[in-house]
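Participant: One file: final33.pdb (PDB, C-alpha atoms).
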```pdb
MODEL        1
ATOM      1  CA  MET A   1     -58.136 -47.060  43.229
ATOM      2  CA  PRO A   2     -55.722 -44.805  41.257
ATOM      3  CA  LEU A   3     -57.640 -41.703  42.333
ATOM      4  CA  PHE A   4     -57.891 -42.926  45.933
ATOM      5  CA  ARG A   5     -54.181 -43.604  46.120
ATOM      6  CA  ALA A   6     -53.241 -40.277  44.537
ATOM      7  CA  ALA A   7     -55.507 -38.398  46.970
ATOM      8  CA  THR A   8     -54.328 -40.221  50.113
ATOM      9  CA  GLY A   9     -50.710 -41.193  49.448
ATOM     10  CA  VAL A  10     -51.208 -44.647  50.956
ATOM     11  CA  ARG A  11     -49.052 -47.513  49.780
ATOM     12  CA  HIS A  12     -50.365 -50.320  47.583
ATOM     13  CA  CYS A  13     -50.826 -52.938  50.318
ATOM     14  CA  GLU A  14     -52.248 -50.315  52.694
ATOM     15  CA  ALA A  15     -54.922 -49.303  50.173
ATOM     16  CA  LEU A  16     -56.006 -52.930  49.806
ATOM     17  CA  ALA A  17     -56.610 -53.101  53.573
ATOM     18  CA  VAL A  18     -58.732 -49.933  53.942
ATOM     19  CA  HIS A  19     -62.126 -50.483  55.556
ATOM     20  CA  THR A  20     -64.813 -47.834  55.996
ATOM     21  CA  SER A  21     -64.270 -48.071  59.756
ATOM     22  CA  ARG A  22     -60.858 -46.454  59.136
ATOM     23  CA  VAL A  23     -62.254 -43.547  57.099
ATOM     24  CA  ASN A  24     -63.054 -40.342  58.984
ATOM     25  CA  LEU A  25     -65.138 -38.226  56.623
ATOM     26  CA  ASP A  26     -65.422 -35.308  59.064
ATOM     27  CA  ARG A  27     -61.652 -34.949  59.410
ATOM     28  CA  LEU A  28     -60.870 -36.272  55.906
ATOM     29  CA  THR A  29     -58.364 -38.828  57.147
ATOM     30  CA  ILE A  30     -57.660 -42.514  56.601
ATOM     31  CA  GLY A  31     -56.522 -44.528  59.610
ATOM     32  CA  VAL A  32     -53.555 -46.585  58.380
ATOM     33  CA  ASP A  33     -52.981 -49.317  60.938
ATOM     34  CA  ARG A  34     -52.630 -52.391  58.693
ATOM     35  CA  GLN A  35     -51.807 -53.637  55.224
ATOM     36  CA  LEU A  36     -52.724 -56.675  53.159
ATOM     37  CA  LEU A  37     -50.093 -59.396  53.373
ATOM     38  CA  ARG A  38     -48.657 -60.079  49.922
ATOM     39  CA  LEU A  39     -49.161 -63.812  50.354
ATOM     40  CA  PRO A  40     -51.634 -65.286  51.111
ATOM     41  CA  GLY A  41     -53.377 -61.948  50.651
ATOM     42  CA  TRP A  42     -57.130 -62.360  50.459
ATOM     43  CA  PRO A  43     -58.215 -66.011  50.046
ATOM     44  CA  LYS A  44     -61.249 -66.710  47.886
ATOM     45  CA  GLY A  45     -64.393 -66.307  49.979
ATOM     46  CA  GLY A  46     -62.358 -65.602  53.114
ATOM     47  CA  ALA A  47     -61.148 -62.664  55.145
ATOM     48  CA  PRO A  48     -58.097 -60.599  54.210
ATOM     49  CA  LYS A  49     -54.792 -61.565  55.815
ATOM     50  CA  LEU A  50     -53.540 -58.380  57.429
ATOM     51  CA  ALA A  51     -50.360 -57.166  59.120
ATOM     52  CA  LEU A  52     -49.071 -53.900  60.533
ATOM     53  CA  PRO A  53     -48.195 -51.235  57.946
ATOM     54  CA  LYS A  54     -44.658 -50.811  56.622
ATOM     55  CA  HIS A  55     -42.143 -50.100  59.400
ATOM     56  CA  HIS A  56     -45.087 -50.548  61.823
ATOM     57  CA  ARG A  57     -45.922 -46.856  61.352
ATOM     58  CA  ILE A  58     -49.545 -46.518  62.383
ATOM     59  CA  ARG A  59     -50.788 -43.105  61.299
ATOM     60  CA  GLU A  60     -53.526 -40.939  59.869
ATOM     61  CA  ALA A  61     -53.244 -40.179  56.165
ATOM     62  CA  PHE A  62     -54.659 -36.793  55.181
ATOM     63  CA  VAL A  63     -57.013 -36.851  52.186
ATOM     64  CA  TRP A  64     -56.941 -34.141  49.510
ATOM     65  CA  PRO A  65     -60.042 -31.946  50.014
ATOM     66  CA  MET A  66     -61.018 -32.137  46.328
ATOM     67  CA  PHE A  67     -61.462 -35.928  46.705
ATOM     68  CA  GLU A  68     -64.066 -35.662  49.471
ATOM     69  CA  THR A  69     -67.135 -36.209  47.263
ATOM     70  CA  ARG A  70     -65.615 -39.287  45.586
ATOM     71  CA  LEU A  71     -64.500 -40.667  48.949
ATOM     72  CA  ARG A  72     -68.004 -40.326  50.377
ATOM     73  CA  GLU A  73     -69.395 -42.181  47.361
ATOM     74  CA  LEU A  74     -66.778 -44.907  47.742
ATOM     75  CA  VAL A  75     -67.526 -45.356  51.453
ATOM     76  CA  GLU A  76     -71.266 -45.540  50.791
ATOM     77  CA  TRP A  77     -70.727 -48.096  48.018
ATOM     78  CA  ALA A  78     -68.370 -50.237  50.135
ATOM     79  CA  ASP A  79     -70.783 -50.295  53.087
ATOM     80  CA  ALA A  80     -73.592 -51.420  50.772
ATOM     81  CA  ASN A  81     -71.684 -53.921  48.612
ATOM     82  CA  THR A  82     -68.462 -55.251  50.139
ATOM     83  CA  ASN A  83     -69.043 -55.308  53.878
ATOM     84  CA  GLY A  84     -67.124 -52.054  54.222
ATOM     85  CA  TRP A  85     -63.925 -53.019  52.362
ATOM     86  CA  LEU A  86     -63.065 -50.274  49.886
ATOM     87  CA  PHE A  87     -61.138 -52.551  47.523
ATOM     88  CA  ALA A  88     -62.409 -56.068  48.076
ATOM     89  CA  PRO A  89     -61.569 -58.697  45.432
ATOM     90  CA  PRO A  90     -63.849 -58.472  42.390
ATOM     91  CA  ARG A  91     -66.316 -61.343  42.002
ATOM     92  CA  ASN A  92     -65.174 -62.709  45.365
ATOM     93  CA  ASP A  93     -61.994 -64.036  43.705
ATOM     94  CA  GLN A  94     -58.695 -64.512  45.442
ATOM     95  CA  TRP A  95     -56.865 -61.226  45.862
ATOM     96  CA  TRP A  96     -53.191 -60.540  46.380
ATOM     97  CA  THR A  97     -51.045 -57.560  45.570
ATOM     98  CA  GLU A  98     -49.610 -58.933  42.316
ATOM     99  CA  ASN A  99     -53.129 -59.799  41.191
ATOM    100  CA  CYS A 100     -54.114 -56.168  41.770
ATOM    101  CA  ASP A 101     -51.072 -55.030  39.769
ATOM    102  CA  ASP A 102     -52.234 -57.207  36.853
ATOM    103  CA  LEU A 103     -55.693 -55.641  37.044
ATOM    104  CA  TRP A 104     -54.112 -52.178  37.035
ATOM    105  CA  GLU A 105     -52.014 -53.017  33.957
ATOM    106  CA  GLY A 106     -55.083 -54.427  32.200
ATOM    107  CA  ALA A 107     -56.988 -51.201  32.861
ATOM    108  CA  VAL A 108     -54.078 -49.140  31.491
ATOM    109  CA  GLY A 109     -54.034 -51.339  28.388
ATOM    110  CA  LEU A 110     -57.781 -50.896  27.881
ATOM    111  CA  MET A 111     -57.487 -47.118  28.227
ATOM    112  CA  THR A 112     -54.688 -47.132  25.639
ATOM    113  CA  VAL A 113     -56.832 -49.053  23.144
ATOM    114  CA  GLU A 114     -59.807 -46.729  23.714
ATOM    115  CA  HIS A 115     -57.569 -43.683  23.266
ATOM    116  CA  GLU A 116     -56.043 -44.978  20.032
ATOM    117  CA  GLU A 117     -59.451 -45.912  18.600
ATOM    118  CA  ALA A 118     -60.850 -42.467  19.407
ATOM    119  CA  VAL A 119     -57.878 -40.780  17.714
ATOM    120  CA  ALA A 120     -58.110 -43.053  14.659
ATOM    121  CA  ASN A 121     -61.858 -42.369  14.316
ATOM    122  CA  LYS A 122     -61.349 -38.628  14.919
ATOM    123  CA  LEU A 123     -63.873 -38.541  17.739
ATOM    124  CA  ARG A 124     -64.594 -35.261  19.484
ATOM    125  CA  THR A 125     -63.925 -36.677  22.933
ATOM    126  CA  ILE A 126     -60.591 -38.434  23.314
ATOM    127  CA  PRO A 127     -60.260 -40.647  26.417
ATOM    128  CA  PRO A 128     -57.161 -39.821  28.461
ATOM    129  CA  LEU A 129     -54.084 -41.996  28.542
ATOM    130  CA  TRP A 130     -52.991 -43.396  31.891
ATOM    131  CA  THR A 131     -49.484 -44.807  31.833
ATOM    132  CA  TRP A 132     -48.491 -44.546  35.487
ATOM    133  CA  PRO A 133     -47.502 -47.624  37.461
ATOM    134  CA  PRO A 134     -49.141 -47.753  40.919
ATOM    135  CA  HIS A 135     -46.289 -46.167  42.902
ATOM    136  CA  TYR A 136     -46.454 -42.950  40.846
ATOM    137  CA  THR A 137     -49.653 -42.050  42.683
ATOM    138  CA  ARG A 138     -47.700 -41.829  45.945
ATOM    139  CA  HIS A 139     -45.161 -39.481  44.365
ATOM    140  CA  THR A 140     -48.013 -37.349  43.037
ATOM    141  CA  TYR A 141     -49.505 -37.090  46.519
ATOM    142  CA  GLY A 142     -46.230 -36.080  48.123
ATOM    143  CA  SER A 143     -45.179 -33.530  45.520
ATOM    144  CA  TYR A 144     -48.587 -31.903  45.028
ATOM    145  CA  SER A 145     -49.293 -31.720  48.774
ATOM    146  CA  LEU A 146     -45.975 -29.945  49.371
ATOM    147  CA  ALA A 147     -46.067 -27.637  46.344
ATOM    148  CA  PRO A 148     -46.851 -24.023  47.344
ATOM    149  CA  ARG A 149     -50.309 -22.620  46.678
ATOM    150  CA  SER A 150     -48.793 -20.002  44.374
ATOM    151  CA  SER A 151     -47.748 -22.882  42.094
ATOM    152  CA  GLY A 152     -51.122 -24.640  42.271
ATOM    153  CA  GLY A 153     -50.266 -27.067  45.076
ATOM    154  CA  LEU A 154     -51.794 -27.474  48.528
ATOM    155  CA  GLY A 155     -48.916 -25.880  50.442
ATOM    156  CA  TRP A 156     -48.938 -28.416  53.285
ATOM    157  CA  SER A 157     -45.976 -28.503  55.652
ATOM    158  CA  ILE A 158     -43.227 -31.095  55.335
ATOM    159  CA  ARG A 159     -44.032 -32.384  58.818
ATOM    160  CA  MET A 160     -47.699 -32.922  57.961
ATOM    161  CA  VAL A 161     -46.957 -34.700  54.672
ATOM    162  CA  SER A 162     -44.182 -36.778  56.231
ATOM    163  CA  GLN A 163     -46.483 -38.015  58.987
ATOM    164  CA  SER A 164     -49.307 -38.643  56.525
ATOM    165  CA  MET A 165     -47.103 -40.754  54.251
ATOM    166  CA  GLY A 166     -45.545 -42.719  57.111
ATOM    167  CA  HIS A 167     -41.940 -41.700  56.469
ATOM    168  CA  ALA A 168     -39.255 -42.466  59.029
ATOM    169  CA  ASN A 169     -38.275 -38.792  59.133
ATOM    170  CA  GLU A 170     -38.916 -35.499  57.404
ATOM    171  CA  ARG A 171     -35.629 -35.710  55.516
ATOM    172  CA  THR A 172     -37.054 -38.524  53.384
ATOM    173  CA  THR A 173     -40.020 -36.337  52.456
ATOM    174  CA  GLU A 174     -37.757 -33.364  51.754
ATOM    175  CA  GLU A 175     -35.314 -35.245  49.526
ATOM    176  CA  ILE A 176     -37.788 -37.296  47.500
ATOM    177  CA  TYR A 177     -40.981 -35.251  47.246
ATOM    178  CA  ARG A 178     -40.129 -31.584  47.803
ATOM    179  CA  HIS A 179     -39.239 -29.913  44.510
ATOM    180  CA  ALA A 180     -38.223 -26.322  43.916
ATOM    181  CA  ILE A 181     -41.003 -24.745  41.886
ATOM    182  CA  GLY A 182     -40.128 -22.228  39.177
ATOM    183  CA  GLU A 183     -42.271 -19.489  40.737
ATOM    184  CA  GLU A 184     -40.428 -19.811  44.056
ATOM    185  CA  ARG A 185     -37.073 -18.698  42.680
ATOM    186  CA  PRO A 186     -38.081 -15.077  41.885
ATOM    187  CA  THR A 187     -39.737 -14.896  45.318
ATOM    188  CA  VAL A 188     -36.491 -15.925  46.977
ATOM    189  CA  ARG A 189     -34.403 -13.513  44.901
ATOM    190  CA  ASN A 190     -36.755 -10.584  45.537
ATOM    191  CA  ALA A 191     -37.142 -11.016  49.292
ATOM    192  CA  THR A 192     -37.108  -7.577  50.917
ATOM    193  CA  ILE A 193     -37.191  -8.362  54.629
ATOM    194  CA  ASP A 194     -34.519  -6.274  56.359
ATOM    195  CA  TRP A 195     -32.845  -8.721  58.725
ATOM    196  CA  PRO A 196     -30.424  -7.098  61.137
ATOM    197  CA  ASP A 197     -26.703  -7.387  60.398
ATOM    198  CA  LEU A 198     -27.180  -9.120  57.027
ATOM    199  CA  ASN A 199     -26.382  -5.962  55.074
ATOM    200  CA  GLY A 200     -23.951  -4.490  57.557
ATOM    201  CA  LYS A 201     -20.278  -5.134  58.142
ATOM    202  CA  LEU A 202     -19.086  -8.405  59.543
ATOM    203  CA  ARG A 203     -18.189  -8.217  63.186
TER     204      ARG A 203
ENDMDL
END
```
In structure tokens, how does this file's structure come out?

Facilitator:
Amino acid sequence: MPLFRAATGVRHCEALAVHTSRVNLDRLTIGVDRQLLRLPGWPKGGAPKLALPKHHRIREAFVWPMFETRLRELVEWADANTNGWLFAPPRNDQWWTENCDDLWEGAVGLMTVEHEEAVANKLRTIPPLWTWPPHYTRHTYGSYSLAPRSSGGLGWSIRMVSQSMGHANERTTEEIYRHAIGEERPTVRNATIDWPDLNGKLR
């Protein structure tokens, strides 16, 4: 789920409601038209309780191209094992958003223990640390999608990312997720386009 959320930018409750019928592998998009209700969520042995997404913003979320292989594997697994639900409750337990948060925190704790043990035993391969809370994945999606290609980002437009993330307007995307990258500043300072009247006298 952390990788899925980082590569799609969907919110927590929206990710819990994704079904393979909403995944378009040809276009690499996720149809976001619902979210899991916080309570009652997903009753044990029952169907998920769903509602419209936040602010009722039905949209298509654009998936990072480098996640395509993992997404295809996830869709294939969900169709074969969970009736198409990408993140169905484990062991058919009850599922609600806070429950998922607890599972996330438990996984982070386990990774921390494995990392510390590997360091203490001076192993060659040290497992990575993951300390992000769930919402950080959404910030990663927004910032990396907007970052220019010259800085290692995807260079997507603000309009595209804003629509993908379900923001009310592009200003939200601009103010929260668009960061000036160090390599952009020299480009701005060294611009050589000769615009008329910019170097001439004021009229």

Participant: Any chance you could tabulate, as CSV, the residues of range 70-123 of chain A at most 10 Å from range 3-8 of chain A with each one's nearest atom pair and distance in Å to one decimal, using all atoms listed in the file, in chain and rising number order?

Facilitator:
```
residue,atom,partner,partner_atom,distance
A:Arg70,CA,A:Phe4,CA,8.5
A:Leu71,CA,A:Phe4,CA,7.6
A:Leu74,CA,A:Phe4,CA,9.3
A:Leu86,CA,A:Phe4,CA,9.8
```

Participant: Which residue, A:Arg27, A:Asp101, A:Arg178, A:Thr140, has the smallest gap to Ile158 in chain A when you use only C-alpha atoms?

Facilitator: A:Arg178

Participant: Starting from the displayed file, determine the output of the PyMOL selection byres ((chain A and resi 143-147) around 8) and express the residue list as a PDB file with C-alpha atoms, keeping the file's coordinate frame.

Facilitator:
```
ATOM      1  CA  HIS A 139     -45.161 -39.481  44.365  1.00  0.00           C
ATOM      2  CA  THR A 140     -48.013 -37.349  43.037  1.00  0.00           C
ATOM      3  CA  TYR A 141     -49.505 -37.090  46.519  1.00  0.00           C
ATOM      4  CA  GLY A 142     -46.230 -36.080  48.123  1.00  0.00           C
ATOM      5  CA  PRO A 148     -46.851 -24.023  47.344  1.00  0.00           C
ATOM      6  CA  ARG A 149     -50.309 -22.620  46.678  1.00  0.00           C
ATOM      7  CA  SER A 151     -47.748 -22.882  42.094  1.00  0.00           C
ATOM      8  CA  GLY A 152     -51.122 -24.640  42.271  1.00  0.00           C
ATOM      9  CA  GLY A 153     -50.266 -27.067  45.076  1.00  0.00           C
ATOM     10  CA  LEU A 154     -51.794 -27.474  48.528  1.00  0.00           C
ATOM     11  CA  GLY A 155     -48.916 -25.880  50.442  1.00  0.00           C
ATOM     12  CA  TRP A 156     -48.938 -28.416  53.285  1.00  0.00           C
ATOM     13  CA  SER A 157     -45.976 -28.503  55.652  1.00  0.00           C
ATOM     14  CA  ILE A 158     -43.227 -31.095  55.335  1.00  0.00           C
ATOM     15  CA  VAL A 161     -46.957 -34.700  54.672  1.00  0.00           C
ATOM     16  CA  TYR A 177     -40.981 -35.251  47.246  1.00  0.00           C
ATOM     17  CA  ARG A 178     -40.129 -31.584  47.803  1.00  0.00           C
ATOM     18  CA  HIS A 179     -39.239 -29.913  44.510  1.00  0.00           C
ATOM     19  CA  ILE A 181     -41.003 -24.745  41.886  1.00  0.00           C
TER      20      ILE A 181
END
```

Participant: Find, counting only C-alpha atoms, the residue in A:Pro65, A:Gly9, A:Pro127, A:Gly109 that gets nearest to Leu28 in chain A.

Facilitator: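 Looking only at the distances to Leu28 in chain A, the closest residue turns out to be A:Pro65.
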
Participant: Pick out the closest residue to Pro2 in chain A from this set: A:Trp96, A:Leu16, A:Gly45, A:Arg59. Count all atoms listed in the file.

Facilitator: A:Leu16

Participant: Hey, could you pull the box centre and edge lengths for range 131-142 of chain A, axis-aligned, 6 Å padding per side, all listed atoms, to one decimal in Å, as JSON?

Facilitator:
```
{"center_x": -47.4, "center_y": -41.9, "center_z": 40.0, "size_x": 16.5, "size_y": 23.7, "size_z": 28.3}
```

Participant: Any chance you could resolve the PyMOL selection byres ((chain A and resi 55) around 10) against this file and give the residues as a VMD selection string?

Facilitator: chain A and resid 52 to 54 56 to 58 166 to 168

Participant: What is the CA of Thr112 in chain A-CA of Ile126 in chain A distance in Å, reported with one decimal?

Facilitator: 10.8 Å

Participant: Closest to Pro48 in chain A among A:Thr69, A:Arg22, A:Phe62, A:Ala88, using only C-alpha atoms?

Facilitator: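 With only C-alpha atoms as the atom set, the closest residue is A:Ala88.
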
Participant: Would you mind reading off the distance between CA of Pro89 in chain A and CA of Gln35 in chain A, one decimal, in Å?

Facilitator: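 Rounded to one decimal, the two atoms are 14.7 Å apart.
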
Participant: Translate the PyMOL selection byres ((chain A and resi 49) around 8), as applied to the file shown, into an explicit residue set as a ChimeraX atom specification.

Facilitator: /A:36-37,40-42,47-48,50-51

Participant: Which is closer to Trp64 in chain A than all the others in A:Thr29, A:Asn99, A:Asp93, A:Asn81, using all atoms listed in the file?

Facilitator: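 So, comparing all the options, the nearest one is A:Thr29.
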
Participant: With distances taken over all atoms listed in the file, which of A:Met160, A:Val108, A:Val119, A:Val113 is nearest to Pro133 in chain A?

Facilitator: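 Residue with the minimum atom-to-atom distance to Pro133 in chain A: A:Val108.
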
Participant: In Å to one decimal, how far is CA of Trp132 in chain A from CA of Phe87 in chain A?

Facilitator: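 CA of Trp132 in chain A lies 19.2 Å from CA of Phe87 in chain A.
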
Participant: So which residues touch Thr20 in chain A within 8 Å, counting only C-alpha atoms, skipping near sequence neighbours fewer than 2 positions away, as a list in words?

Facilitator: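 Residues meeting the cut-off are Val18, Arg22, Val23, Val75, Ala78, Asp79, Gly84, Trp85 and Leu86 of chain A.
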